[in-house]
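Notes for the one structure printed next.
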Amino acid sequence: MNLYELSKAILAVSQQPIDRVRFTKTIYFIHKELIRKGQMKPEDIPYLRLPLGPVPANFLNLTREHPDIKLRPIPTHILYVAEEYYIEPNTESISEDVVPIIQRLLQLLKTHSTTELVIASQDPSWQNHQNGEEYVISPADLRNTFPLPHIRLKIHIKRRQPSHLGALQAHLLRGMLEDIVKESTDLEYPDETPPHDQEAKK
């Protein structure tokens, strides 16, 4: 399965629109489980490292290249564009092998807020890349079994937050600030090689 096929299957099984941030994380976690089940390979969907977790590399072209997947705005006051994805009924059938897996994961993901999905998606590969870099899911990433219940994943979240939207904005701003600091440092000290680059050259 590729990004389009998996996205279409998720929306068809869900039968409900899914907002953009949640949809990218839903694709990520279901992709991971399908890799474990031998139904997909890591290279089937590469991801971009962004402040709010991994996003499929070709995600922004999904509705442009595949008009059966539709997009509509959601009225909100958050910092990023809020949109939700949906698909018209009576779409072509999807593989019977993946339907139960998608159904199970969708039910489990419903019990978690979008903020929890964002935090849980920040696996080792995400941590080891800079914003905008592309990568594929690694064996280390697969060891994070969230949201499967048989292994509990400890997620450190302040429960008393004004709203999950506020938490998402905080994650987005934190990621943007990290990039700004890095760019400012590079401009101030253009001739200095970062320590990690020096080690790589040894």
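If you're wondering about the labels, chains in the structure tokens are A, B, ... by order shown, residues count from 1 in each chain, ligands from 1 in order shown.
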I'd like the neighbourhood of segment 61-72 of chain A as an mmCIF file with N, CA and C atoms, in the first residue's frame, where a residue qualifies if any of its atoms comes within 7 Å (using only C-alpha atoms), though same-chain residues fewer than 2 positions away should be ignored.
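The resulting around-v6.cif:
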data_model
loop_
_atom_site.group_PDB
_atom_site.id
_atom_site.type_symbol
_atom_site.label_atom_id
_atom_site.label_comp_id
_atom_site.auth_asym_id
_atom_site.auth_seq_id
_atom_site.Cartn_x
_atom_site.Cartn_y
_atom_site.Cartn_z
ATOM 1 N N TYR A 4 -1.598 7.063 -0.705
ATOM 2 C CA TYR A 4 -2.977 7.241 -1.160
ATOM 3 C C TYR A 4 -3.858 6.064 -0.755
ATOM 4 N N LYS A 8 -6.924 6.420 1.903
ATOM 5 C CA LYS A 8 -8.281 6.117 1.450
ATOM 6 C C LYS A 8 -8.905 5.025 2.312
ATOM 7 N N ASN A 58 4.480 13.157 1.049
ATOM 8 C CA ASN A 58 3.664 13.676 -0.055
ATOM 9 C C ASN A 58 2.256 14.035 0.405
ATOM 10 N N PHE A 59 2.100 14.277 1.692
ATOM 11 C CA PHE A 59 0.764 14.477 2.258
ATOM 12 C C PHE A 59 0.048 15.686 1.661
ATOM 13 N N ILE A 74 -11.870 23.900 8.867
ATOM 14 C CA ILE A 74 -12.568 23.851 10.147
ATOM 15 C C ILE A 74 -12.394 25.224 10.792
ATOM 16 N N GLU A 83 -7.941 21.885 8.972
ATOM 17 C CA GLU A 83 -8.751 21.286 7.913
ATOM 18 C C GLU A 83 -9.038 19.835 8.277
ATOM 19 N N GLU A 84 -10.063 19.281 7.660
ATOM 20 C CA GLU A 84 -10.357 17.874 7.877
ATOM 21 C C GLU A 84 -10.517 17.161 6.543
ATOM 22 N N TYR A 85 -10.138 15.887 6.552
ATOM 23 C CA TYR A 85 -10.173 15.052 5.354
ATOM 24 C C TYR A 85 -11.331 14.076 5.444
ATOM 25 N N TYR A 86 -11.941 13.823 4.290
ATOM 26 C CA TYR A 86 -13.032 12.860 4.247
ATOM 27 C C TYR A 86 -13.104 12.259 2.854
ATOM 28 N N ILE A 87 -13.901 11.232 2.727
ATOM 29 C CA ILE A 87 -14.028 10.546 1.433
ATOM 30 C C ILE A 87 -15.502 10.247 1.187
ATOM 31 N N GLU A 88 -15.900 10.320 -0.049
ATOM 32 C CA GLU A 88 -17.302 10.037 -0.384
ATOM 33 C C GLU A 88 -17.600 8.552 -0.193
#
Using only C-alpha atoms, which protein or nucleic acid residues come within 12 Å of Gln107 of chain A? Drop anything in the same chain fewer than 2 positions from it, and give the result as a PyMOL selection string. chain A and resi 10+13-14+26+30+100-105+109-112+147-149
Output the selection as a CSV table (one decimal), in the first residue's frame - C-alpha atoms for each residue.
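part-v6.csv, freshly written:
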chain,number,residue,atom,x,y,z
A,10,ILE,CA,-8.4,4.8,6.8
A,13,VAL,CA,-13.2,2.6,7.5
A,14,SER,CA,-13.5,5.6,9.8
A,26,THR,CA,-3.3,8.2,12.3
A,30,ILE,CA,-1.5,2.5,11.3
A,100,PRO,CA,-9.6,-5.3,11.0
A,101,ILE,CA,-6.2,-3.8,11.7
A,102,ILE,CA,-7.4,-0.3,10.8
A,103,GLN,CA,-10.6,-0.7,12.7
A,104,ARG,CA,-8.7,-1.7,15.9
A,105,LEU,CA,-6.2,1.1,15.6
A,109,LEU,CA,-6.6,6.1,18.8
A,110,LYS,CA,-10.0,7.6,19.7
A,111,THR,CA,-9.2,7.2,23.4
A,112,HIS,CA,-6.3,9.6,23.0
A,147,PRO,CA,-1.6,2.9,21.0
A,148,LEU,CA,-1.6,-0.9,21.5
A,149,PRO,CA,-2.7,-1.8,25.0
Spatial neighbours of segment 132-142 of chain A, 7 Å, only C-alpha atoms, chain gap at least 6 places, as a PyMOL selection string: chain A and resi 32+42-43+46-50+123-125
Deliver the residues from the most recent selection as a file, using C-alpha atoms, as a CSV table (one decimal), in the first residue's frame.
chain,number,residue,atom,x,y,z
A,32,LYS,CA,3.7,1.1,11.8
A,42,PRO,CA,8.8,1.2,5.9
A,43,GLU,CA,9.8,2.6,2.5
A,46,PRO,CA,8.6,8.2,3.9
A,47,TYR,CA,8.0,10.9,6.5
A,48,LEU,CA,9.1,14.5,7.0
A,49,ARG,CA,10.2,15.6,10.5
A,50,LEU,CA,8.0,18.6,11.5
A,123,ASP,CA,10.0,8.3,18.0
A,124,PRO,CA,13.8,7.9,17.7
A,125,SER,CA,13.9,8.7,14.0
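Here the DSSP assignment of helix (DSSP H, G or I), based on backbone atoms, applies within segment 20-89 of chain A to Arg20, Val21, Arg22, Phe23, Thr24, Lys25, Thr26, Ile27, Tyr28, Phe29, Ile30, His31, Lys32, Glu33, Leu34, Ile35, Arg36, Pro42, Glu43, Asp44, Phe59, Leu60, Asn61, Leu62, Thr63, Arg64 and Glu65 of chain A.
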For the selection you just gave me, I'd like the residues written to a file as a tab-separated table (two decimals), in the first residue's frame, keeping C-alpha atoms.
chain	number	residue	atom	x	y	z
A	20	ARG	CA	-5.25	17.30	9.41
A	21	VAL	CA	-2.93	16.86	12.40
A	22	ARG	CA	-4.81	13.83	13.69
A	23	PHE	CA	-4.94	12.30	10.21
A	24	THR	CA	-1.16	12.51	9.73
A	25	LYS	CA	-0.62	10.78	13.07
A	26	THR	CA	-3.31	8.18	12.33
A	27	ILE	CA	-1.55	7.32	9.06
A	28	TYR	CA	1.76	7.06	10.94
A	29	PHE	CA	0.54	4.70	13.69
A	30	ILE	CA	-1.48	2.50	11.34
A	31	HIS	CA	1.47	2.31	8.94
A	32	LYS	CA	3.65	1.13	11.82
A	33	GLU	CA	1.20	-1.60	12.77
A	34	LEU	CA	0.84	-2.75	9.15
A	35	ILE	CA	4.65	-3.01	8.99
A	36	ARG	CA	4.57	-5.25	12.08
A	42	PRO	CA	8.79	1.21	5.92
A	43	GLU	CA	9.76	2.61	2.52
A	44	ASP	CA	6.12	2.55	1.34
A	59	PHE	CA	0.76	14.48	2.26
A	60	LEU	CA	0.11	18.00	0.93
A	61	ASN	CA	-0.38	16.64	-2.59
A	62	LEU	CA	-2.85	13.98	-1.48
A	63	THR	CA	-6.04	15.85	-2.43
A	64	ARG	CA	-4.47	17.46	-5.50
A	65	GLU	CA	-3.45	14.14	-7.00
Can you list, as an MDAnalysis selection string, all residues belonging to segment 13-169 of chain A that DSSP tags as strand (DSSP E)? chainID A and resid 18:19 47:50 53:56 69:73 83:87 134:135
Same residues, N, CA and C atoms, output as a JSON list (two decimals), in the first residue's frame:
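Result saved to part_27.json:
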[["chain", "number", "residue", "atom", "x", "y", "z"],
["A", 18, "ILE", "N", -11.53, 13.40, 9.45],
["A", 18, "ILE", "CA", -10.43, 13.42, 10.40],
["A", 18, "ILE", "C", -9.63, 14.69, 10.15],
["A", 19, "ASP", "N", -9.36, 15.47, 11.21],
["A", 19, "ASP", "CA", -8.64, 16.72, 11.01],
["A", 19, "ASP", "C", -7.19, 16.45, 10.62],
["A", 47, "TYR", "N", 8.54, 9.86, 5.64],
["A", 47, "TYR", "CA", 7.97, 10.93, 6.48],
["A", 47, "TYR", "C", 8.90, 12.13, 6.55],
["A", 48, "LEU", "N", 8.30, 13.30, 6.77],
["A", 48, "LEU", "CA", 9.05, 14.52, 7.03],
["A", 48, "LEU", "C", 9.03, 14.79, 8.52],
["A", 49, "ARG", "N", 10.15, 15.24, 9.05],
["A", 49, "ARG", "CA", 10.23, 15.62, 10.45],
["A", 49, "ARG", "C", 9.73, 17.06, 10.58],
["A", 50, "LEU", "N", 8.59, 17.26, 11.25],
["A", 50, "LEU", "CA", 8.02, 18.58, 11.47],
["A", 50, "LEU", "C", 7.76, 18.78, 12.96],
["A", 53, "GLY", "N", 5.43, 16.41, 14.94],
["A", 53, "GLY", "CA", 5.62, 14.99, 14.69],
["A", 53, "GLY", "C", 5.77, 14.68, 13.21],
["A", 54, "PRO", "N", 5.89, 13.38, 12.88],
["A", 54, "PRO", "CA", 6.09, 12.99, 11.48],
["A", 54, "PRO", "C", 4.85, 13.23, 10.61],
["A", 55, "VAL", "N", 5.10, 13.65, 9.38],
["A", 55, "VAL", "CA", 4.03, 13.87, 8.40],
["A", 55, "VAL", "C", 4.44, 13.16, 7.11],
["A", 56, "PRO", "N", 3.55, 12.38, 6.49],
["A", 56, "PRO", "CA", 3.90, 11.71, 5.23],
["A", 56, "PRO", "C", 4.45, 12.72, 4.22],
["A", 69, "ILE", "N", -10.29, 11.97, -2.42],
["A", 69, "ILE", "CA", -10.03, 12.36, -1.04],
["A", 69, "ILE", "C", -10.25, 13.86, -0.95],
["A", 70, "LYS", "N", -11.19, 14.27, -0.11],
["A", 70, "LYS", "CA", -11.61, 15.67, -0.08],
["A", 70, "LYS", "C", -11.16, 16.35, 1.20],
["A", 71, "LEU", "N", -11.11, 17.68, 1.11],
["A", 71, "LEU", "CA", -10.58, 18.50, 2.19],
["A", 71, "LEU", "C", -11.50, 19.69, 2.39],
["A", 72, "ARG", "N", -11.78, 20.02, 3.66],
["A", 72, "ARG", "CA", -12.58, 21.21, 3.95],
["A", 72, "ARG", "C", -12.06, 21.88, 5.22],
["A", 73, "PRO", "N", -12.17, 23.21, 5.29],
["A", 73, "PRO", "CA", -11.64, 23.94, 6.45],
["A", 73, "PRO", "C", -12.51, 23.75, 7.70],
["A", 83, "GLU", "N", -7.94, 21.88, 8.97],
["A", 83, "GLU", "CA", -8.75, 21.29, 7.91],
["A", 83, "GLU", "C", -9.04, 19.83, 8.28],
["A", 84, "GLU", "N", -10.06, 19.28, 7.66],
["A", 84, "GLU", "CA", -10.36, 17.87, 7.88],
["A", 84, "GLU", "C", -10.52, 17.16, 6.54],
["A", 85, "TYR", "N", -10.14, 15.89, 6.55],
["A", 85, "TYR", "CA", -10.17, 15.05, 5.35],
["A", 85, "TYR", "C", -11.33, 14.08, 5.44],
["A", 86, "TYR", "N", -11.94, 13.82, 4.29],
["A", 86, "TYR", "CA", -13.03, 12.86, 4.25],
["A", 86, "TYR", "C", -13.10, 12.26, 2.85],
["A", 87, "ILE", "N", -13.90, 11.23, 2.73],
["A", 87, "ILE", "CA", -14.03, 10.55, 1.43],
["A", 87, "ILE", "C", -15.50, 10.25, 1.19],
["A", 134, "GLU", "N", 13.73, 14.17, 5.64],
["A", 134, "GLU", "CA", 12.90, 13.01, 5.31],
["A", 134, "GLU", "C", 13.52, 11.74, 5.87],
["A", 135, "TYR", "N", 12.70, 10.83, 6.33],
["A", 135, "TYR", "CA", 13.18, 9.56, 6.86],
["A", 135, "TYR", "C", 12.10, 8.49, 6.73]]
Using only C-alpha atoms, which of A:Val99, A:Leu168, A:Met40, A:Ile94 sits nearest Ser113 of chain A?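 Checking each of A:Val99, A:Leu168, A:Met40, A:Ile94 against Ser113 of chain A, counting only C-alpha atoms, the winner is A:Leu168.
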